[in-house]
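Colleague: What follows is start.tsv, TSV, C-alpha atoms.
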chain	number	residue	atom	x	y	z
A	12	MET	CA	169.44	-88.12	-2.29
A	13	ASP	CA	167.27	-85.73	-4.27
A	14	SER	CA	163.92	-87.40	-4.80
A	15	HIS	CA	162.80	-87.06	-1.21
A	16	ARG	CA	163.27	-83.30	-1.35
A	17	HIS	CA	160.22	-82.80	-3.54
A	18	GLY	CA	158.19	-85.61	-2.03
A	19	LEU	CA	157.78	-87.70	-5.16
A	20	GLY	CA	159.10	-91.11	-6.02
A	21	ASP	CA	159.59	-94.02	-3.67
A	22	ARG	CA	160.82	-94.12	-0.19
A	23	THR	CA	163.29	-96.41	1.51
A	24	PRO	CA	162.47	-98.37	4.62
A	25	GLY	CA	164.57	-97.29	7.59
A	26	VAL	CA	164.76	-93.63	6.65
A	27	GLU	CA	162.70	-90.77	8.01
A	28	ASP	CA	162.88	-88.27	5.18
A	29	TYR	CA	160.35	-85.58	5.78
A	30	GLU	CA	160.60	-84.53	9.40
A	31	PRO	CA	164.25	-84.39	10.37
A	32	THR	CA	163.50	-82.65	13.65
A	33	ALA	CA	160.93	-85.25	14.66
A	34	SER	CA	163.19	-88.23	14.03
A	35	TYR	CA	164.87	-88.46	17.42
A	36	LEU	CA	161.41	-88.19	18.90
A	37	SER	CA	160.19	-91.02	16.66
A	38	TYR	CA	162.97	-93.37	17.77
A	39	THR	CA	162.49	-92.45	21.41
A	40	ALA	CA	158.72	-92.94	21.25
A	41	GLY	CA	159.30	-96.31	19.57
A	42	LEU	CA	161.77	-97.30	22.28
A	43	GLY	CA	159.30	-96.36	25.03
A	44	LEU	CA	156.43	-98.31	23.44
A	45	ALA	CA	158.65	-101.33	22.78
A	46	ILE	CA	159.90	-101.38	26.39
A	47	LEU	CA	156.30	-101.14	27.58
A	48	ALA	CA	155.21	-104.06	25.36
A	49	THR	CA	158.20	-106.15	26.51
A	50	ILE	CA	157.54	-105.55	30.21
A	51	VAL	CA	153.84	-106.31	29.81
A	52	SER	CA	154.68	-109.57	27.96
A	53	PHE	CA	157.02	-110.72	30.72
A	54	VAL	CA	154.55	-109.76	33.46
A	55	VAL	CA	151.62	-111.45	31.69
A	56	SER	CA	153.56	-114.67	31.24
A	57	GLN	CA	154.65	-114.86	34.88
A	58	THR	CA	151.50	-113.77	36.72
A	59	ASN	CA	147.81	-114.57	36.76
A	60	LEU	CA	146.90	-111.14	35.47
A	61	LEU	CA	145.28	-112.76	32.43
A	62	TRP	CA	142.96	-115.76	32.48
A	63	THR	CA	145.50	-118.59	32.24
A	64	PRO	CA	144.28	-120.25	29.00
A	65	GLY	CA	144.31	-116.81	27.39
A	66	ILE	CA	147.97	-116.10	28.15
A	67	PRO	CA	149.37	-117.48	24.84
A	68	VAL	CA	146.87	-115.38	22.88
A	69	GLY	CA	147.80	-112.33	24.93
A	70	LEU	CA	151.50	-112.94	24.32
A	71	VAL	CA	150.98	-113.27	20.57
A	72	VAL	CA	148.95	-110.05	20.48
A	73	LEU	CA	151.68	-108.22	22.44
A	74	ALA	CA	154.37	-109.58	20.09
A	75	PHE	CA	152.46	-108.35	17.04
A	76	ALA	CA	151.97	-104.97	18.69
A	77	GLN	CA	155.68	-104.70	19.39
A	78	ILE	CA	156.60	-105.75	15.84
A	79	GLY	CA	154.22	-103.05	14.59
A	80	VAL	CA	155.94	-100.49	16.82
A	81	HIS	CA	159.33	-101.53	15.40
A	82	LEU	CA	158.09	-101.29	11.81
A	83	VAL	CA	156.53	-97.87	12.22
A	84	PHE	CA	158.95	-96.11	14.57
A	85	PHE	CA	162.29	-97.77	13.72
A	86	LEU	CA	161.82	-98.72	10.07
A	87	HIS	CA	159.44	-95.80	9.32
A	88	LEU	CA	157.06	-97.88	7.27
A	89	GLY	CA	153.83	-95.97	6.85
A	90	SER	CA	150.78	-95.93	4.63
A	91	ALA	CA	151.87	-93.05	2.40
A	92	PRO	CA	151.94	-93.74	-1.38
A	93	ASP	CA	155.75	-93.49	-1.50
A	94	ASN	CA	155.89	-96.52	0.77
A	95	THR	CA	153.64	-98.68	-1.40
A	96	ASN	CA	156.44	-100.88	-2.76
A	97	ASN	CA	157.91	-101.53	0.67
A	98	ILE	CA	154.53	-102.33	2.19
A	99	LEU	CA	153.57	-104.65	-0.68
A	100	ALA	CA	156.83	-106.58	-0.26
A	101	LEU	CA	156.24	-106.76	3.49
A	102	ALA	CA	152.66	-107.97	2.98
A	103	PHE	CA	153.89	-110.75	0.72
A	104	GLY	CA	156.54	-111.73	3.27
A	105	VAL	CA	153.95	-111.79	6.06
A	106	LEU	CA	151.70	-114.00	3.92
A	107	ILE	CA	154.49	-116.55	3.39
A	108	VAL	CA	155.50	-116.49	7.06
A	109	PHE	CA	151.87	-117.04	8.06
A	110	LEU	CA	151.47	-119.96	5.63
A	111	VAL	CA	154.71	-121.65	6.75
A	112	ILE	CA	154.06	-121.36	10.48
A	113	THR	CA	150.32	-122.04	10.70
A	114	GLY	CA	150.53	-124.67	7.97
A	115	SER	CA	153.27	-126.58	9.81
A	116	ILE	CA	151.50	-126.41	13.16
A	117	TRP	CA	148.20	-127.49	11.61
A	118	ILE	CA	149.63	-130.41	9.67
A	119	ILE	CA	151.77	-131.75	12.50
A	120	ALA	CA	148.94	-131.39	15.05
A	121	ASN	CA	146.77	-133.48	12.73
A	122	LEU	CA	149.54	-136.00	12.32
A	123	ASN	CA	150.02	-136.27	16.07
A	124	ALA	CA	146.29	-136.66	16.64
A	125	ASN	CA	146.11	-139.51	14.13
A	126	MET	CA	149.26	-141.23	15.39
A	127	MET	CA	148.90	-144.76	16.76
A	128	GLU	CA	149.76	-145.24	20.41
A	129	MET	CA	153.46	-145.87	20.90
A	130	SER	CA	155.32	-147.32	23.84
A	131	ALA	CA	155.88	-144.76	26.57
A	132	PRO	CA	159.57	-143.87	26.04
A	133	MET	CA	159.12	-143.35	22.29
A	134	GLY	CA	155.91	-141.32	22.28
A	135	ARG	CA	155.87	-137.56	22.64
B	5	MET	CA	152.77	-98.24	-9.90
B	6	THR	CA	149.16	-97.79	-10.88
B	7	ILE	CA	148.14	-97.36	-7.23
B	8	ALA	CA	150.36	-94.33	-6.90
B	9	THR	CA	148.91	-92.58	-9.95
B	10	LEU	CA	145.46	-92.73	-8.35
B	11	GLU	CA	146.68	-90.99	-5.20
B	12	PRO	CA	146.52	-87.21	-4.97
B	13	VAL	CA	149.99	-85.74	-5.35
B	14	PRO	CA	150.89	-82.88	-3.00
B	15	ILE	CA	152.83	-80.87	-5.58
B	16	ALA	CA	151.55	-79.78	-8.99
B	17	VAL	CA	153.81	-82.21	-10.89
B	18	PRO	CA	152.29	-85.10	-12.86
B	19	THR	CA	152.96	-88.35	-11.00
B	20	GLU	CA	154.36	-90.02	-14.09
B	21	LEU	CA	157.25	-87.54	-13.94
B	22	ALA	CA	158.30	-88.88	-10.52
B	23	ARG	CA	161.55	-90.83	-10.63
B	24	GLY	CA	161.09	-94.57	-10.61
B	25	ARG	CA	157.50	-94.23	-11.84
B	26	GLY	CA	158.06	-94.14	-15.59
B	27	GLY	CA	158.64	-90.70	-17.06
B	28	GLY	CA	161.15	-89.35	-14.56
B	29	GLY	CA	163.91	-91.85	-15.20
B	30	PRO	CA	165.10	-94.59	-12.88
B	31	ALA	CA	164.71	-94.27	-9.11
B	32	PRO	CA	167.77	-92.94	-7.25
B	33	LYS	CA	170.39	-95.56	-6.42
B	34	ARG	CA	169.73	-95.21	-2.70
B	35	ILE	CA	166.06	-96.15	-3.17
B	36	VAL	CA	166.94	-99.12	-5.39
B	37	VAL	CA	169.64	-100.42	-3.02
B	38	ALA	CA	167.48	-100.15	0.07
B	39	TYR	CA	164.53	-101.80	-1.68
B	40	GLY	CA	166.70	-104.70	-2.80
B	41	PHE	CA	168.05	-105.10	0.72
B	42	TRP	CA	164.50	-104.95	2.10
B	43	ILE	CA	163.60	-107.89	-0.16
B	44	PHE	CA	166.65	-109.76	1.19
B	45	ILE	CA	165.56	-109.08	4.78
B	46	LEU	CA	162.06	-110.37	4.06
B	47	SER	CA	163.52	-113.55	2.56
B	48	ASP	CA	165.72	-113.92	5.65
B	49	ILE	CA	162.62	-113.59	7.82
B	50	ILE	CA	160.92	-116.28	5.72
B	51	MET	CA	163.89	-118.54	6.47
B	52	PHE	CA	163.42	-117.79	10.17
B	53	SER	CA	159.72	-118.64	9.82
B	54	GLY	CA	160.78	-122.18	8.87
B	55	LEU	CA	162.86	-122.42	12.04
B	56	PHE	CA	160.00	-120.95	14.11
B	57	ALA	CA	157.64	-123.54	12.62
B	58	ALA	CA	160.11	-126.34	13.44
B	59	TYR	CA	160.38	-125.09	17.02
B	60	ALA	CA	156.61	-124.74	17.42
B	61	VAL	CA	156.15	-128.30	16.19
B	62	LEU	CA	158.98	-129.82	18.28
B	63	SER	CA	158.75	-127.78	21.48
B	64	ARG	CA	156.88	-130.53	23.41
B	65	ASN	CA	159.14	-133.34	22.17
B	66	THR	CA	161.55	-133.37	25.09
B	67	ALA	CA	162.20	-137.15	24.92
B	68	GLY	CA	162.17	-137.34	28.72
B	69	GLY	CA	164.84	-134.63	28.91
B	70	PRO	CA	164.63	-131.17	30.46
B	71	THR	CA	161.81	-128.85	29.43
B	72	GLY	CA	162.03	-125.16	28.66
B	73	ALA	CA	160.56	-124.23	32.03
B	74	GLU	CA	163.43	-126.06	33.76
B	75	LEU	CA	166.17	-124.58	31.57
B	76	PHE	CA	165.25	-120.97	30.88
B	77	ASN	CA	166.25	-118.07	33.11
B	78	LEU	CA	163.78	-115.32	32.29
B	79	ARG	CA	165.76	-112.65	34.10
B	80	ASN	CA	168.65	-113.18	31.66
B	81	VAL	CA	166.23	-113.23	28.73
B	82	PHE	CA	164.81	-109.88	29.85
B	83	ILE	CA	168.31	-108.38	30.03
B	84	GLU	CA	169.11	-109.79	26.58
B	85	THR	CA	165.90	-108.30	25.20
B	86	MET	CA	166.72	-104.89	26.65
B	87	CYS	CA	170.29	-105.03	25.26
B	88	LEU	CA	169.00	-105.73	21.77
B	89	LEU	CA	166.21	-103.16	21.99
B	90	PHE	CA	168.54	-100.39	23.16
B	91	SER	CA	171.10	-101.34	20.51
B	92	SER	CA	168.35	-101.01	17.91
B	93	TYR	CA	167.63	-97.55	19.34
B	94	THR	CA	171.26	-96.41	19.28
B	95	CYS	CA	171.57	-97.89	15.77
B	96	GLY	CA	168.65	-95.69	14.67
B	97	LEU	CA	170.18	-92.60	16.28
B	98	GLY	CA	173.53	-93.47	14.67
B	99	ALA	CA	171.91	-93.76	11.25
B	100	LEU	CA	170.29	-90.37	11.83
B	101	SER	CA	173.64	-88.78	12.74
B	102	ALA	CA	175.22	-90.33	9.65
B	103	GLU	CA	172.46	-88.87	7.45
B	104	ARG	CA	173.30	-85.46	8.89
B	105	ARG	CA	177.04	-86.03	8.27
B	106	GLN	CA	177.84	-85.87	12.00
B	107	SER	CA	180.56	-88.51	11.97
B	108	GLY	CA	181.62	-87.95	15.61
B	109	ARG	CA	178.12	-88.62	16.91
B	110	PHE	CA	177.78	-91.54	14.54
B	111	LEU	CA	180.91	-93.16	15.98
B	112	VAL	CA	179.65	-92.75	19.56
B	113	PHE	CA	176.33	-94.40	18.67
B	114	ALA	CA	178.10	-97.14	16.69
B	115	VAL	CA	180.26	-97.99	19.71
B	116	LEU	CA	177.17	-98.08	21.96
B	117	THR	CA	175.36	-100.33	19.46
B	118	PHE	CA	178.36	-102.65	19.31
B	119	VAL	CA	178.71	-102.88	23.10
B	120	LEU	CA	174.99	-103.64	23.57
B	121	GLY	CA	175.03	-106.24	20.80
B	122	ALA	CA	178.15	-107.87	22.25
B	123	ALA	CA	176.53	-107.94	25.72
B	124	PHE	CA	173.53	-109.72	24.18
B	125	LEU	CA	175.81	-112.28	22.54
B	126	TYR	CA	177.79	-112.82	25.74
B	127	ILE	CA	174.64	-113.60	27.76
B	128	GLU	CA	173.36	-115.91	25.03
B	129	ALA	CA	176.67	-117.74	24.70
B	130	SER	CA	176.93	-118.30	28.46
B	131	GLU	CA	173.33	-119.56	28.48
B	132	PHE	CA	174.17	-122.04	25.71
B	133	ALA	CA	177.35	-123.15	27.46
B	134	GLY	CA	175.45	-123.66	30.74
B	135	MET	CA	172.81	-125.78	28.98
B	136	VAL	CA	175.39	-127.93	27.23
B	137	ALA	CA	177.25	-128.39	30.53
B	138	LYS	CA	173.99	-129.61	32.13
B	139	GLY	CA	173.68	-132.28	29.43
B	140	ALA	CA	170.96	-130.30	27.64
B	141	GLY	CA	172.84	-129.86	24.36
B	142	PRO	CA	171.28	-129.85	20.89
B	143	SER	CA	171.49	-133.65	20.58
B	144	ARG	CA	169.45	-134.29	23.76
B	145	SER	CA	165.93	-134.00	22.29
B	146	GLY	CA	163.92	-132.69	19.36
B	147	PHE	CA	162.95	-129.70	21.49
B	148	LEU	CA	166.59	-128.82	22.17
B	149	SER	CA	167.64	-129.34	18.53
B	150	ALA	CA	164.97	-126.90	17.43
B	151	PHE	CA	165.84	-124.49	20.25
B	152	PHE	CA	169.55	-124.37	19.44
B	153	THR	CA	168.87	-124.07	15.71
B	154	LEU	CA	166.41	-121.19	16.03
B	155	VAL	CA	168.14	-119.20	18.78
B	156	GLY	CA	171.59	-120.07	17.43
B	157	THR	CA	170.74	-118.87	13.92
B	158	HIS	CA	169.60	-115.57	15.40
B	159	GLY	CA	172.84	-115.40	17.39
B	160	VAL	CA	174.87	-116.05	14.24
B	161	HIS	CA	173.04	-113.19	12.54
B	162	VAL	CA	173.88	-110.89	15.47
B	163	THR	CA	177.53	-111.96	15.26
B	164	GLY	CA	177.54	-111.24	11.53
B	165	GLY	CA	175.92	-107.86	12.18
B	166	LEU	CA	178.65	-106.94	14.69
B	167	ILE	CA	181.44	-107.91	12.29
B	168	TRP	CA	179.72	-105.93	9.55
B	169	LEU	CA	179.49	-102.94	11.91
B	170	ILE	CA	183.26	-103.00	12.59
B	171	TYR	CA	183.84	-103.04	8.84
B	172	LEU	CA	181.49	-100.09	8.32
B	173	VAL	CA	183.00	-98.04	11.13
B	174	ALA	CA	186.40	-98.54	9.51
B	175	GLN	CA	184.93	-97.32	6.22
B	176	VAL	CA	183.44	-94.24	7.87
B	177	ILE	CA	186.78	-93.42	9.49
B	178	ILE	CA	188.82	-93.97	6.32
B	179	LYS	CA	186.43	-92.88	3.56
B	180	GLY	CA	184.13	-90.53	5.42
B	181	LEU	CA	180.34	-90.37	5.17
B	182	ARG	CA	180.12	-90.34	1.40
B	183	ALA	CA	177.08	-91.56	-0.52
B	184	ALA	CA	178.28	-95.14	-1.06
B	185	VAL	CA	179.17	-95.54	2.63
B	186	LEU	CA	175.79	-94.09	3.63
B	187	ARG	CA	174.01	-96.65	1.46
B	188	ARG	CA	175.92	-99.46	3.18
B	189	LEU	CA	175.09	-98.00	6.57
B	190	LEU	CA	171.42	-97.86	5.59
B	191	CYS	CA	171.47	-101.56	4.67
B	192	TRP	CA	173.21	-102.42	7.90
B	193	SER	CA	170.69	-100.52	10.03
B	194	LEU	CA	167.82	-102.28	8.24
B	195	PHE	CA	169.50	-105.59	9.04
B	196	TRP	CA	169.96	-104.67	12.70
B	197	HIS	CA	166.36	-103.53	13.17
B	198	ALA	CA	165.17	-106.73	11.47
B	199	LEU	CA	167.18	-108.83	13.95
B	200	ASP	CA	165.39	-107.10	16.81
B	201	ILE	CA	162.04	-107.88	15.16
B	202	VAL	CA	163.02	-111.56	14.90
B	203	TRP	CA	164.05	-111.49	18.57
B	204	VAL	CA	160.54	-110.33	19.55
B	205	GLY	CA	159.29	-113.58	18.02
B	206	VAL	CA	162.01	-115.60	19.76
B	207	PHE	CA	161.45	-114.31	23.27
B	208	THR	CA	157.68	-114.59	22.92
B	209	LEU	CA	157.46	-118.05	21.36
B	210	VAL	CA	160.51	-119.73	22.89
B	211	TYR	CA	161.05	-118.22	26.31
B	212	LEU	CA	157.73	-116.78	27.52
B	213	MET	CA	155.48	-119.50	26.09
B	214	GLY	CA	158.06	-122.16	26.98
B	215	ASP	CA	158.18	-121.13	30.61
B	216	PHE	CA	154.46	-120.64	30.85
B	217	HIS	CA	153.58	-124.13	29.57
Could you render the structure from this file as structure tokens?
Modeller:
Amino acid sequence: MDSHRHGLGDRTPGVEDYEPTASYLSYTAGLGLAILATIVSFVVSQTNLLWTPGIPVGLVVLAFAQIGVHLVFFLHLGSAPDNTNNILALAFGVLIVFLVITGSIWIIANLNANMMEMSAPMGR
Amino acid sequence: MTIATLEPVPIAVPTELARGRGGGGPAPKRIVVAYGFWIFILSDIIMFSGLFAAYAVLSRNTAGGPTGAELFNLRNVFIETMCLLFSSYTCGLGALSAERRQSGRFLVFAVLTFVLGAAFLYIEASEFAGMVAKGAGPSRSGFLSAFFTLVGTHGVHVTGGLIWLIYLVAQVIIKGLRAAVLRRLLCWSLFWHALDIVWVGVFTLVYLMGDFH
């Protein structure tokens, strides 16, 4: 309750401590950007606005953008020194998530590629 | 934190006197609680990453059964997404009102958050029931097992979040917005925002990529 008054010490994720008047604005800006990213994702996936083979890449980029919007505007994670602990924990979590997902896809794609032909109803 | 001592400090107080950085004593309880809960949320997201990986690996294994493009109704998914996004927004505004000890406003936002979350769950449950009725239940194919596990786990989290919210609203009404209740509310709002972040991954990977393929 008191440490954020003098701007020292650590900060909690999810709390906007320093600019109480700007907080409603922060949530509303985050909402607007997130709605924009969502609508663009749905439009991109359903139309030929993007070059078709590039659509998955576009969707992933939009998802990362929206997650970034959520982290900054809703969870108030920034780059200030009082957020260092929270950001370091997040970075470690992102590393593990990346390893689990890309590692699984990579390994199983290799496995599928090296699989012997099976009879039609079993395969795929 | 050695990084922090290298940073310029805005006020003329030595950094090592800051609380939680050595000389100033332990960090305030609120900081410690929220940091611990943040670690929990990250571990929960790592659990979800396992389910995402399983879905990504199994999504083509339909075993001759229905594919995502045949099953998904993107209009419903868009409504679900908007429900969850707006409930995250009202949750944030509710947390802000609670910080300012405006319990009336907090209750209004809490009710809005609950209604939007419940609407999300209703749409998801009717989607699941429709799929099972069409013979596309979790035992139909590897794709559907992974789908129901991933989306269902998220739905279970939302259900848990709603029950937790009822419990917290009761605490606010009975105990008032005292420090311990505020810490619990802070943890709950972190949880709710995290569920929305996981949903961004779900609607992108499962529904949009599933329908596009």
Colleague: Nearest to chain B among A:Ile98, A:Val55, A:Ala76, A:Val108, with distances taken over only C-alpha atoms: which residue is it?
Modeller: A:Val108
Colleague: Find, counting all atoms listed in the file, the residue in B:Ala174, B:Met86, B:Met213, B:Ala114 that gets nearest to Thr63 in chain A.
Modeller: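 Using all atoms listed in the file, Thr63 in chain A sits closest to B:Met213.
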Colleague: With 8 Å as the limit and counting only C-alpha atoms, what residues in chain B lie close to chain A? Please list them as a ChimeraX atom specification.
Modeller: /B:7-8,11,14-15,19,22-25,31-32,34-35,38-39,42-43,46-47,49-50,53-54,56-58,60-61,64-68,82,86,89-90,93,96-97,100,190,193-194,197,201,204-205,208,212-213,215-216
Colleague: Find the residues near range 156-170 of chain B: any atom within 7 Å, counting only C-alpha atoms, skip ones fewer than 4 places away on the same chain, and give them as a PDB file with C-alpha atoms, keeping the file's coordinate frame.
Modeller:
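That gives us out_26.pdb:
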ATOM      1  CA  PHE B 118     178.360-102.650  19.310  1.00  0.00           C
ATOM      2  CA  LEU B 125     175.810-112.280  22.540  1.00  0.00           C
ATOM      3  CA  PHE B 152     169.550-124.370  19.440  1.00  0.00           C
ATOM      4  CA  ALA B 174     186.400 -98.540   9.510  1.00  0.00           C
ATOM      5  CA  TRP B 196     169.960-104.670  12.700  1.00  0.00           C
TER       6      TRP B 196
END
Colleague: Counting all atoms listed in the file, select every polymer residue within 8 Å of (177.2, -92.4, 17.0) as defined in the file's coordinates, and provide the selection as a ChimeraX atom specification.
Modeller: /B:94-95,97-99,101-102,107-116
Colleague: One decimal, in Å: what's the spacing between CA of Asp200 in chain B and CA of Glu74 in chain B?
Modeller: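 Going from CA of Asp200 in chain B over to CA of Glu74 in chain B covers 25.5 Å.
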Colleague: Take CA of Arg105 in chain B and CA of Leu44 in chain A and report the distance between them in Å, one decimal.
Modeller: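 CA of Arg105 in chain B sits 28.4 Å away from CA of Leu44 in chain A.
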Colleague: Using only C-alpha atoms, which residues sit within 12 Å of Pro70 in chain B once same-chain residues fewer than 2 positions away are excluded, as an NGL selection string?
Modeller: :B and (63-68 or 72-76 or 135-136 or 138-142 or 144-148 or 214-215)
Colleague: Give the centre and edge lengths of an axis-aligned box, in Å to one decimal, that holds all listed atoms of range 91-98 of chain A with 3 Å on each side, as JSON.
Modeller:
{"center_x": 154.9, "center_y": -97.7, "center_z": -0.2, "size_x": 12.0, "size_y": 15.3, "size_z": 11.2}
